[in-house]
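Student: My file is my_file.cif. It has mmCIF, N, CA and C atoms:
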data_coords
#
loop_
_atom_site.label_atom_id
_atom_site.label_comp_id
_atom_site.auth_asym_id
_atom_site.auth_seq_id
_atom_site.Cartn_x
_atom_site.Cartn_y
_atom_site.Cartn_z
N HIS A 83 0.85 -1.20 0.00
CA HIS A 83 0.00 0.00 0.00
C HIS A 83 0.88 1.24 0.00
N VAL A 84 0.47 2.24 -0.78
CA VAL A 84 1.21 3.50 -0.90
C VAL A 84 0.33 4.64 -0.44
N GLN A 85 0.86 5.45 0.44
CA GLN A 85 0.13 6.63 0.90
C GLN A 85 0.87 7.88 0.44
N LEU A 86 0.13 8.80 -0.18
CA LEU A 86 0.71 10.04 -0.69
C LEU A 86 -0.02 11.22 -0.07
N VAL A 87 0.75 12.20 0.38
CA VAL A 87 0.14 13.38 1.01
C VAL A 87 0.73 14.63 0.38
N GLU A 88 -0.14 15.40 -0.27
CA GLU A 88 0.30 16.64 -0.91
C GLU A 88 0.17 17.81 0.06
N SER A 89 0.96 18.83 -0.19
CA SER A 89 0.86 20.08 0.56
C SER A 89 1.43 21.20 -0.29
N GLY A 90 1.19 22.42 0.14
CA GLY A 90 1.80 23.56 -0.53
C GLY A 90 0.88 24.36 -1.42
N GLY A 91 -0.35 23.89 -1.57
CA GLY A 91 -1.29 24.65 -2.38
C GLY A 91 -1.72 25.93 -1.69
N GLY A 92 -2.44 26.76 -2.42
CA GLY A 92 -2.92 28.00 -1.85
C GLY A 92 -3.38 28.94 -2.93
N GLU A 93 -3.55 30.19 -2.56
CA GLU A 93 -3.98 31.20 -3.50
C GLU A 93 -2.81 32.15 -3.76
N VAL A 94 -2.61 32.45 -5.03
CA VAL A 94 -1.50 33.31 -5.43
C VAL A 94 -1.96 34.20 -6.57
N GLN A 95 -1.33 35.32 -6.69
CA GLN A 95 -1.69 36.24 -7.78
C GLN A 95 -1.07 35.79 -9.09
N ASP A 96 -1.68 36.22 -10.15
CA ASP A 96 -1.17 35.95 -11.49
C ASP A 96 0.31 36.35 -11.56
N GLY A 97 1.13 35.44 -12.07
CA GLY A 97 2.56 35.68 -12.16
C GLY A 97 3.36 35.20 -10.96
N GLY A 98 2.66 34.76 -9.94
CA GLY A 98 3.33 34.31 -8.72
C GLY A 98 3.83 32.89 -8.81
N SER A 99 4.34 32.41 -7.67
CA SER A 99 4.94 31.08 -7.62
C SER A 99 4.40 30.30 -6.42
N LEU A 100 4.39 28.99 -6.57
CA LEU A 100 4.07 28.09 -5.47
C LEU A 100 4.92 26.84 -5.64
N ARG A 101 5.17 26.19 -4.52
CA ARG A 101 5.88 24.92 -4.55
C ARG A 101 5.03 23.86 -3.86
N LEU A 102 4.65 22.86 -4.62
CA LEU A 102 3.88 21.75 -4.07
C LEU A 102 4.83 20.63 -3.64
N SER A 103 4.45 19.98 -2.57
CA SER A 103 5.22 18.84 -2.07
C SER A 103 4.32 17.63 -1.96
N CYS A 104 4.90 16.49 -2.14
CA CYS A 104 4.17 15.24 -1.99
C CYS A 104 5.06 14.28 -1.21
N ALA A 105 4.61 13.90 -0.03
CA ALA A 105 5.34 12.96 0.80
C ALA A 105 4.76 11.57 0.60
N ALA A 106 5.62 10.63 0.29
CA ALA A 106 5.17 9.26 0.01
C ALA A 106 5.53 8.33 1.16
N ARG A 107 4.56 7.55 1.55
CA ARG A 107 4.80 6.53 2.58
C ARG A 107 4.81 5.18 1.87
N THR A 108 5.98 4.79 1.46
CA THR A 108 6.16 3.53 0.74
C THR A 108 7.62 3.14 0.80
N GLY A 109 7.85 1.88 0.80
CA GLY A 109 9.23 1.41 0.83
C GLY A 109 9.86 1.35 -0.54
N THR A 110 9.07 1.66 -1.58
CA THR A 110 9.58 1.52 -2.95
C THR A 110 9.66 2.86 -3.67
N PHE A 111 9.69 3.95 -2.92
CA PHE A 111 9.66 5.27 -3.56
C PHE A 111 10.82 5.46 -4.52
N ARG A 112 11.98 5.01 -4.12
CA ARG A 112 13.19 5.25 -4.92
C ARG A 112 13.05 4.73 -6.35
N SER A 113 12.32 3.65 -6.51
CA SER A 113 12.17 3.04 -7.84
C SER A 113 10.89 3.47 -8.54
N ALA A 114 10.10 4.31 -7.91
CA ALA A 114 8.80 4.68 -8.46
C ALA A 114 8.89 5.89 -9.38
N CYS A 115 8.13 5.82 -10.46
CA CYS A 115 7.90 6.99 -11.29
C CYS A 115 6.75 7.77 -10.66
N MET A 116 6.94 9.07 -10.51
CA MET A 116 5.94 9.90 -9.84
C MET A 116 5.43 10.97 -10.79
N GLY A 117 4.17 11.32 -10.62
CA GLY A 117 3.58 12.33 -11.48
C GLY A 117 2.73 13.32 -10.71
N TRP A 118 2.55 14.48 -11.30
CA TRP A 118 1.60 15.48 -10.83
C TRP A 118 0.51 15.61 -11.88
N ILE A 119 -0.71 15.61 -11.42
CA ILE A 119 -1.89 15.69 -12.28
C ILE A 119 -2.78 16.79 -11.71
N ARG A 120 -3.48 17.48 -12.59
CA ARG A 120 -4.41 18.51 -12.10
C ARG A 120 -5.79 18.29 -12.67
N GLN A 121 -6.75 18.72 -11.91
CA GLN A 121 -8.15 18.52 -12.27
C GLN A 121 -8.92 19.79 -12.01
N VAL A 122 -9.64 20.23 -13.03
CA VAL A 122 -10.58 21.33 -12.90
C VAL A 122 -11.97 20.73 -13.01
N SER A 123 -12.84 21.12 -12.12
CA SER A 123 -14.19 20.57 -12.11
C SER A 123 -14.85 20.72 -13.48
N GLY A 124 -15.36 19.62 -13.99
CA GLY A 124 -16.03 19.65 -15.27
C GLY A 124 -15.12 19.47 -16.47
N LYS A 125 -13.84 19.37 -16.21
CA LYS A 125 -12.88 19.18 -17.30
C LYS A 125 -12.09 17.90 -17.08
N GLU A 126 -11.48 17.41 -18.15
CA GLU A 126 -10.65 16.22 -18.03
C GLU A 126 -9.40 16.54 -17.22
N ARG A 127 -8.95 15.57 -16.48
CA ARG A 127 -7.72 15.79 -15.73
C ARG A 127 -6.54 15.84 -16.70
N GLU A 128 -5.51 16.53 -16.28
CA GLU A 128 -4.35 16.75 -17.14
C GLU A 128 -3.09 16.31 -16.42
N GLY A 129 -2.32 15.48 -17.05
CA GLY A 129 -1.00 15.13 -16.51
C GLY A 129 -0.08 16.32 -16.68
N VAL A 130 0.46 16.83 -15.60
CA VAL A 130 1.26 18.05 -15.63
C VAL A 130 2.73 17.74 -15.82
N ALA A 131 3.25 16.80 -15.04
CA ALA A 131 4.67 16.48 -15.09
C ALA A 131 4.89 15.11 -14.47
N SER A 132 6.01 14.51 -14.84
CA SER A 132 6.38 13.23 -14.23
C SER A 132 7.89 13.17 -14.11
N ILE A 133 8.34 12.31 -13.19
CA ILE A 133 9.77 12.10 -13.00
C ILE A 133 9.98 10.63 -12.68
N ASP A 134 10.89 10.00 -13.40
CA ASP A 134 11.10 8.59 -13.16
C ASP A 134 12.24 8.37 -12.16
N SER A 135 12.57 7.11 -11.95
CA SER A 135 13.56 6.78 -10.92
C SER A 135 14.96 7.28 -11.29
N ASP A 136 15.19 7.54 -12.56
CA ASP A 136 16.48 8.07 -13.01
C ASP A 136 16.53 9.59 -12.99
N GLY A 137 15.40 10.19 -12.67
CA GLY A 137 15.33 11.65 -12.66
C GLY A 137 14.94 12.25 -13.99
N ASP A 138 14.60 11.42 -14.95
CA ASP A 138 14.14 11.94 -16.25
C ASP A 138 12.73 12.50 -16.08
N THR A 139 12.49 13.64 -16.71
CA THR A 139 11.23 14.34 -16.51
C THR A 139 10.46 14.54 -17.82
N THR A 140 9.16 14.67 -17.68
CA THR A 140 8.30 15.04 -18.79
C THR A 140 7.35 16.12 -18.30
N TYR A 141 6.91 16.97 -19.24
CA TYR A 141 6.01 18.06 -18.90
C TYR A 141 4.92 18.20 -19.95
N ALA A 142 3.76 18.62 -19.50
CA ALA A 142 2.73 19.02 -20.44
C ALA A 142 3.18 20.30 -21.13
N ASP A 143 2.78 20.46 -22.37
CA ASP A 143 3.17 21.66 -23.12
C ASP A 143 2.70 22.94 -22.42
N SER A 144 1.58 22.84 -21.74
CA SER A 144 1.00 24.01 -21.09
C SER A 144 1.84 24.55 -19.93
N VAL A 145 2.77 23.72 -19.43
CA VAL A 145 3.56 24.17 -18.27
C VAL A 145 5.05 24.19 -18.53
N LYS A 146 5.47 23.76 -19.71
CA LYS A 146 6.90 23.74 -20.02
C LYS A 146 7.51 25.12 -19.86
N GLY A 147 8.66 25.14 -19.21
CA GLY A 147 9.36 26.41 -19.00
C GLY A 147 8.89 27.17 -17.77
N ARG A 148 7.78 26.72 -17.18
CA ARG A 148 7.26 27.41 -15.99
C ARG A 148 7.27 26.50 -14.75
N PHE A 149 7.04 25.22 -14.95
CA PHE A 149 6.98 24.27 -13.84
C PHE A 149 8.21 23.37 -13.86
N THR A 150 8.65 22.96 -12.68
CA THR A 150 9.77 22.04 -12.55
C THR A 150 9.43 20.96 -11.54
N ILE A 151 9.52 19.72 -11.96
CA ILE A 151 9.31 18.60 -11.05
C ILE A 151 10.66 18.09 -10.57
N SER A 152 10.72 17.71 -9.32
CA SER A 152 11.96 17.17 -8.76
C SER A 152 11.62 16.16 -7.68
N ARG A 153 12.61 15.44 -7.23
CA ARG A 153 12.37 14.44 -6.19
C ARG A 153 13.56 14.39 -5.25
N ASP A 154 13.27 13.98 -4.03
CA ASP A 154 14.31 13.76 -3.03
C ASP A 154 14.07 12.38 -2.45
N ASN A 155 14.83 11.41 -2.92
CA ASN A 155 14.60 10.04 -2.48
C ASN A 155 14.88 9.85 -0.99
N ALA A 156 15.79 10.63 -0.46
CA ALA A 156 16.09 10.51 0.97
C ALA A 156 14.90 10.93 1.84
N LYS A 157 14.05 11.79 1.27
CA LYS A 157 12.87 12.26 2.00
C LYS A 157 11.59 11.64 1.48
N ASN A 158 11.73 10.69 0.55
CA ASN A 158 10.53 10.08 -0.05
C ASN A 158 9.54 11.14 -0.52
N SER A 159 10.06 12.13 -1.21
CA SER A 159 9.21 13.25 -1.60
C SER A 159 9.44 13.66 -3.04
N VAL A 160 8.38 14.17 -3.62
CA VAL A 160 8.43 14.74 -4.97
C VAL A 160 7.83 16.15 -4.88
N TYR A 161 8.36 17.04 -5.70
CA TYR A 161 7.99 18.44 -5.63
C TYR A 161 7.57 18.96 -7.00
N LEU A 162 6.79 20.02 -6.97
CA LEU A 162 6.44 20.72 -8.21
C LEU A 162 6.60 22.22 -7.96
N GLN A 163 7.66 22.78 -8.52
CA GLN A 163 7.88 24.22 -8.44
C GLN A 163 7.12 24.87 -9.58
N MET A 164 6.22 25.77 -9.25
CA MET A 164 5.38 26.40 -10.26
C MET A 164 5.65 27.90 -10.27
N ASN A 165 6.16 28.39 -11.37
CA ASN A 165 6.46 29.80 -11.54
C ASN A 165 5.58 30.40 -12.62
N SER A 166 5.54 31.71 -12.65
CA SER A 166 4.76 32.43 -13.67
C SER A 166 3.35 31.87 -13.78
N LEU A 167 2.72 31.72 -12.64
CA LEU A 167 1.40 31.10 -12.62
C LEU A 167 0.37 31.97 -13.32
N LYS A 168 -0.58 31.28 -13.97
CA LYS A 168 -1.64 31.93 -14.70
C LYS A 168 -2.98 31.47 -14.14
N SER A 169 -4.02 32.19 -14.46
CA SER A 169 -5.34 31.82 -13.97
C SER A 169 -5.73 30.42 -14.44
N GLU A 170 -5.29 30.05 -15.63
CA GLU A 170 -5.63 28.72 -16.15
C GLU A 170 -4.91 27.58 -15.44
N ASP A 171 -3.98 27.92 -14.54
CA ASP A 171 -3.33 26.88 -13.72
C ASP A 171 -4.16 26.54 -12.49
N THR A 172 -5.22 27.30 -12.26
CA THR A 172 -6.09 27.02 -11.13
C THR A 172 -6.69 25.63 -11.26
N ALA A 173 -6.48 24.80 -10.24
CA ALA A 173 -6.95 23.41 -10.29
C ALA A 173 -6.65 22.73 -8.96
N LEU A 174 -7.17 21.54 -8.83
CA LEU A 174 -6.80 20.66 -7.73
C LEU A 174 -5.64 19.81 -8.23
N TYR A 175 -4.53 19.86 -7.54
CA TYR A 175 -3.32 19.16 -7.96
C TYR A 175 -3.12 17.91 -7.11
N TYR A 176 -2.88 16.82 -7.82
CA TYR A 176 -2.64 15.53 -7.17
C TYR A 176 -1.24 15.03 -7.53
N CYS A 177 -0.63 14.32 -6.61
CA CYS A 177 0.52 13.53 -7.01
C CYS A 177 0.09 12.07 -7.04
N ALA A 178 0.76 11.29 -7.84
CA ALA A 178 0.40 9.90 -8.02
C ALA A 178 1.60 9.10 -8.46
N THR A 179 1.54 7.82 -8.21
CA THR A 179 2.55 6.93 -8.78
C THR A 179 2.16 6.59 -10.20
N VAL A 180 3.14 6.38 -11.04
CA VAL A 180 2.91 6.09 -12.45
C VAL A 180 3.52 4.72 -12.76
N ASP A 181 2.71 3.84 -13.34
CA ASP A 181 3.26 2.51 -13.64
C ASP A 181 3.84 2.47 -15.05
N GLU A 182 4.29 1.29 -15.45
CA GLU A 182 5.00 1.15 -16.72
C GLU A 182 4.11 1.39 -17.93
N THR A 183 2.78 1.38 -17.72
CA THR A 183 1.87 1.69 -18.82
C THR A 183 1.42 3.14 -18.79
N ASP A 184 2.06 3.94 -17.95
CA ASP A 184 1.73 5.35 -17.76
C ASP A 184 0.38 5.55 -17.08
N ALA A 185 -0.11 4.51 -16.43
CA ALA A 185 -1.34 4.65 -15.66
C ALA A 185 -1.01 5.14 -14.25
N TYR A 186 -1.91 5.93 -13.70
CA TYR A 186 -1.74 6.43 -12.33
C TYR A 186 -2.36 5.43 -11.37
N ASN A 187 -1.56 4.98 -10.43
CA ASN A 187 -2.04 3.93 -9.55
C ASN A 187 -2.51 4.46 -8.19
N TYR A 188 -1.60 5.00 -7.43
CA TYR A 188 -1.93 5.52 -6.10
C TYR A 188 -1.94 7.05 -6.15
N TRP A 189 -2.96 7.62 -5.51
CA TRP A 189 -3.17 9.06 -5.55
C TRP A 189 -3.15 9.64 -4.15
N GLY A 190 -2.73 10.91 -4.08
CA GLY A 190 -2.90 11.65 -2.85
C GLY A 190 -4.29 12.25 -2.80
N GLN A 191 -4.54 13.04 -1.79
CA GLN A 191 -5.88 13.63 -1.61
C GLN A 191 -6.05 14.92 -2.40
N GLY A 192 -4.96 15.46 -2.89
CA GLY A 192 -5.02 16.68 -3.69
C GLY A 192 -4.80 17.93 -2.87
N THR A 193 -4.28 18.95 -3.53
CA THR A 193 -4.09 20.26 -2.90
C THR A 193 -4.53 21.33 -3.90
N GLN A 194 -5.32 22.28 -3.44
CA GLN A 194 -5.92 23.27 -4.32
C GLN A 194 -4.94 24.41 -4.61
N VAL A 195 -4.83 24.74 -5.87
CA VAL A 195 -4.06 25.90 -6.31
C VAL A 195 -5.03 26.87 -6.99
N THR A 196 -5.05 28.09 -6.52
CA THR A 196 -5.92 29.11 -7.09
C THR A 196 -5.08 30.31 -7.48
N VAL A 197 -5.15 30.69 -8.75
CA VAL A 197 -4.41 31.85 -9.27
C VAL A 197 -5.43 32.91 -9.64
N SER A 198 -5.30 34.05 -9.02
CA SER A 198 -6.30 35.11 -9.27
C SER A 198 -5.63 36.41 -9.70
#
What's the C-alpha cells form of this structure?

Tutor:
Amino acid sequence: HVQLVESGGGEVQDGGSLRLSCAARTGTFRSACMGWIRQVSGKEREGVASIDSDGDTTYADSVKGRFTISRDNAKNSVYLQMNSLKSEDTALYYCATVDETDAYNYWGQGTQVTVS
C-alpha cells in the first residue's frame, strides 16, 4: 500500500509562484515513477509532469518552461515548483505513482491551487 500526502497549495496572484510537495509513505519510492496531475471541475484531468527513478522528466506543453518537477529520495518526496502562474493553472493538484503503462495507480488527496 502506498500513501501520498500533498501540501503547498494556496492562492496566489497571477505571475506568482508556489511549490507543491508530496510525501510518500512507501518502501519503494526510490524506484517509483511519480507524477503530478491537475483537475478542474467539469474538465478532463491533465497530466502536468512526471519524473522517473532516473530523474528523467516530462512536462505538459502548457507548463513547459514554468513548472519544474523534482524528487528527493532521501525524504521520499516529490515536488512541483510552479512559476509564472496563470489563472488557467487554477486546479486541484494531485501527485500519483505512475506505472509502466503510464497509468496512475496511487493518488494523494489533492491540494488546491488558485491563481487570481

Student: Expanded to explicit residues, what is the PyMOL selection byres ((chain A and resi 157-161) around 7) for this file, as JSON, numbers by chain?

Tutor: {"A": [101, 102, 103, 104, 105, 106, 107, 111, 112, 150, 151, 152, 153, 154, 155, 156, 162, 163]}

Student: Extract, using all atoms listed in the file, all DNA, RNA and protein residues at most 8 Å from Ser123 in chain A, discarding same-chain residues fewer than 2 positions from it, and format them as a list in words.

Tutor: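 Close residues of Ser123 in chain A: Arg120, Gln121, Lys125, Glu126, Thr172, Ala173 and Leu174 of chain A.
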
Student: From a DSSP calculation on the backbone, collect every residue of chain A in strand (DSSP E) and output the set as a short mmCIF file (atom, residue, chain, number, x, y, z; two decimals) with N, CA and C atoms, in the frame of the given file.

Tutor:
data_model
loop_
_atom_site.label_atom_id
_atom_site.label_comp_id
_atom_site.auth_asym_id
_atom_site.auth_seq_id
_atom_site.Cartn_x
_atom_site.Cartn_y
_atom_site.Cartn_z
N GLN A 85 0.86 5.45 0.44
CA GLN A 85 0.13 6.63 0.90
C GLN A 85 0.87 7.88 0.44
N LEU A 86 0.13 8.80 -0.18
CA LEU A 86 0.71 10.04 -0.69
C LEU A 86 -0.02 11.22 -0.07
N VAL A 87 0.75 12.20 0.38
CA VAL A 87 0.14 13.38 1.01
C VAL A 87 0.73 14.63 0.38
N GLU A 88 -0.14 15.40 -0.27
CA GLU A 88 0.30 16.64 -0.91
C GLU A 88 0.17 17.81 0.06
N SER A 89 0.96 18.83 -0.19
CA SER A 89 0.86 20.08 0.56
C SER A 89 1.43 21.20 -0.29
N GLY A 92 -2.44 26.76 -2.42
CA GLY A 92 -2.92 28.00 -1.85
C GLY A 92 -3.38 28.94 -2.93
N GLU A 93 -3.55 30.19 -2.56
CA GLU A 93 -3.98 31.20 -3.50
C GLU A 93 -2.81 32.15 -3.76
N VAL A 94 -2.61 32.45 -5.03
CA VAL A 94 -1.50 33.31 -5.43
C VAL A 94 -1.96 34.20 -6.57
N LEU A 100 4.39 28.99 -6.57
CA LEU A 100 4.07 28.09 -5.47
C LEU A 100 4.92 26.84 -5.64
N ARG A 101 5.17 26.19 -4.52
CA ARG A 101 5.88 24.92 -4.55
C ARG A 101 5.03 23.86 -3.86
N LEU A 102 4.65 22.86 -4.62
CA LEU A 102 3.88 21.75 -4.07
C LEU A 102 4.83 20.63 -3.64
N SER A 103 4.45 19.98 -2.57
CA SER A 103 5.22 18.84 -2.07
C SER A 103 4.32 17.63 -1.96
N CYS A 104 4.90 16.49 -2.14
CA CYS A 104 4.17 15.24 -1.99
C CYS A 104 5.06 14.28 -1.21
N ALA A 105 4.61 13.90 -0.03
CA ALA A 105 5.34 12.96 0.80
C ALA A 105 4.76 11.57 0.60
N ALA A 106 5.62 10.63 0.29
CA ALA A 106 5.17 9.26 0.01
C ALA A 106 5.53 8.33 1.16
N ARG A 107 4.56 7.55 1.55
CA ARG A 107 4.80 6.53 2.58
C ARG A 107 4.81 5.18 1.87
N CYS A 115 8.13 5.82 -10.46
CA CYS A 115 7.90 6.99 -11.29
C CYS A 115 6.75 7.77 -10.66
N MET A 116 6.94 9.07 -10.51
CA MET A 116 5.94 9.90 -9.84
C MET A 116 5.43 10.97 -10.79
N GLY A 117 4.17 11.32 -10.62
CA GLY A 117 3.58 12.33 -11.48
C GLY A 117 2.73 13.32 -10.71
N TRP A 118 2.55 14.48 -11.30
CA TRP A 118 1.60 15.48 -10.83
C TRP A 118 0.51 15.61 -11.88
N ILE A 119 -0.71 15.61 -11.42
CA ILE A 119 -1.89 15.69 -12.28
C ILE A 119 -2.78 16.79 -11.71
N ARG A 120 -3.48 17.48 -12.59
CA ARG A 120 -4.41 18.51 -12.10
C ARG A 120 -5.79 18.29 -12.67
N GLN A 121 -6.75 18.72 -11.91
CA GLN A 121 -8.15 18.52 -12.27
C GLN A 121 -8.92 19.79 -12.01
N GLU A 128 -5.51 16.53 -16.28
CA GLU A 128 -4.35 16.75 -17.14
C GLU A 128 -3.09 16.31 -16.42
N GLY A 129 -2.32 15.48 -17.05
CA GLY A 129 -1.00 15.13 -16.51
C GLY A 129 -0.08 16.32 -16.68
N VAL A 130 0.46 16.83 -15.60
CA VAL A 130 1.26 18.05 -15.63
C VAL A 130 2.73 17.74 -15.82
N ALA A 131 3.25 16.80 -15.04
CA ALA A 131 4.67 16.48 -15.09
C ALA A 131 4.89 15.11 -14.47
N SER A 132 6.01 14.51 -14.84
CA SER A 132 6.38 13.23 -14.23
C SER A 132 7.89 13.17 -14.11
N ILE A 133 8.34 12.31 -13.19
CA ILE A 133 9.77 12.10 -13.00
C ILE A 133 9.98 10.63 -12.68
N THR A 139 12.49 13.64 -16.71
CA THR A 139 11.23 14.34 -16.51
C THR A 139 10.46 14.54 -17.82
N THR A 140 9.16 14.67 -17.68
CA THR A 140 8.30 15.04 -18.79
C THR A 140 7.35 16.12 -18.30
N TYR A 141 6.91 16.97 -19.24
CA TYR A 141 6.01 18.06 -18.90
C TYR A 141 4.92 18.20 -19.95
N PHE A 149 7.04 25.22 -14.95
CA PHE A 149 6.98 24.27 -13.84
C PHE A 149 8.21 23.37 -13.86
N THR A 150 8.65 22.96 -12.68
CA THR A 150 9.77 22.04 -12.55
C THR A 150 9.43 20.96 -11.54
N ILE A 151 9.52 19.72 -11.96
CA ILE A 151 9.31 18.60 -11.05
C ILE A 151 10.66 18.09 -10.57
N SER A 152 10.72 17.71 -9.32
CA SER A 152 11.96 17.17 -8.76
C SER A 152 11.62 16.16 -7.68
N ARG A 153 12.61 15.44 -7.23
CA ARG A 153 12.37 14.44 -6.19
C ARG A 153 13.56 14.39 -5.25
N ASP A 154 13.27 13.98 -4.03
CA ASP A 154 14.31 13.76 -3.03
C ASP A 154 14.07 12.38 -2.45
N SER A 159 10.06 12.13 -1.21
CA SER A 159 9.21 13.25 -1.60
C SER A 159 9.44 13.66 -3.04
N VAL A 160 8.38 14.17 -3.62
CA VAL A 160 8.43 14.74 -4.97
C VAL A 160 7.83 16.15 -4.88
N TYR A 161 8.36 17.04 -5.70
CA TYR A 161 7.99 18.44 -5.63
C TYR A 161 7.57 18.96 -7.00
N LEU A 162 6.79 20.02 -6.97
CA LEU A 162 6.44 20.72 -8.21
C LEU A 162 6.60 22.22 -7.96
N GLN A 163 7.66 22.78 -8.52
CA GLN A 163 7.88 24.22 -8.44
C GLN A 163 7.12 24.87 -9.58
N MET A 164 6.22 25.77 -9.25
CA MET A 164 5.38 26.40 -10.26
C MET A 164 5.65 27.90 -10.27
N ALA A 173 -6.48 24.80 -10.24
CA ALA A 173 -6.95 23.41 -10.29
C ALA A 173 -6.65 22.73 -8.96
N LEU A 174 -7.17 21.54 -8.83
CA LEU A 174 -6.80 20.66 -7.73
C LEU A 174 -5.64 19.81 -8.23
N TYR A 175 -4.53 19.86 -7.54
CA TYR A 175 -3.32 19.16 -7.96
C TYR A 175 -3.12 17.91 -7.11
N TYR A 176 -2.88 16.82 -7.82
CA TYR A 176 -2.64 15.53 -7.17
C TYR A 176 -1.24 15.03 -7.53
N CYS A 177 -0.63 14.32 -6.61
CA CYS A 177 0.52 13.53 -7.01
C CYS A 177 0.09 12.07 -7.04
N ALA A 178 0.76 11.29 -7.84
CA ALA A 178 0.40 9.90 -8.02
C ALA A 178 1.60 9.10 -8.46
N THR A 179 1.54 7.82 -8.21
CA THR A 179 2.55 6.93 -8.78
C THR A 179 2.16 6.59 -10.20
N VAL A 180 3.14 6.38 -11.04
CA VAL A 180 2.91 6.09 -12.45
C VAL A 180 3.52 4.72 -12.76
N TYR A 186 -1.91 5.93 -13.70
CA TYR A 186 -1.74 6.43 -12.33
C TYR A 186 -2.36 5.43 -11.37
N ASN A 187 -1.56 4.98 -10.43
CA ASN A 187 -2.04 3.93 -9.55
C ASN A 187 -2.51 4.46 -8.19
N TYR A 188 -1.60 5.00 -7.43
CA TYR A 188 -1.93 5.52 -6.10
C TYR A 188 -1.94 7.05 -6.15
N TRP A 189 -2.96 7.62 -5.51
CA TRP A 189 -3.17 9.06 -5.55
C TRP A 189 -3.15 9.64 -4.15
N THR A 193 -4.28 18.95 -3.53
CA THR A 193 -4.09 20.26 -2.90
C THR A 193 -4.53 21.33 -3.90
N GLN A 194 -5.32 22.28 -3.44
CA GLN A 194 -5.92 23.27 -4.32
C GLN A 194 -4.94 24.41 -4.61
N VAL A 195 -4.83 24.74 -5.87
CA VAL A 195 -4.06 25.90 -6.31
C VAL A 195 -5.03 26.87 -6.99
N THR A 196 -5.05 28.09 -6.52
CA THR A 196 -5.92 29.11 -7.09
C THR A 196 -5.08 30.31 -7.48
N VAL A 197 -5.15 30.69 -8.75
CA VAL A 197 -4.41 31.85 -9.27
C VAL A 197 -5.43 32.91 -9.64
#

Student: Apply DSSP to the backbone of this structure and, from chain A, keep only the residues in helix (DSSP H, G or I); write these as a PyMOL selection string.

Tutor: chain A and resi 111-113+155-157+169-171

Student: Can you tell me how far CA of Asp96 in chain A sits from atom C of Met164 in chain A, in Å to one decimal?

Tutor: 10.6 Å

Student: Please report the interatomic distance between atom C of Thr183 in chain A and atom C of Val84 in chain A in Å with one decimal.

Tutor: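 Atom C of Thr183 in chain A sits 18.4 Å away from atom C of Val84 in chain A.
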
Student: Please provide as a VMD selection string all residues within 8 Å of Gln194 in chain A, with the sequence filter that same-chain residues fewer than 2 positions apart are discarded (counting all atoms listed in the file).

Tutor: chain A and resid 88 to 93 172 to 176 191 to 192 196 to 197

Student: Counting all atoms listed in the file, figure out which residue out of A:Ala142, A:Val122, A:Ala131, A:Cys177 gets nearest to Trp189 in chain A.

Tutor: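 Closest residue, counting all atoms listed in the file: A:Cys177.
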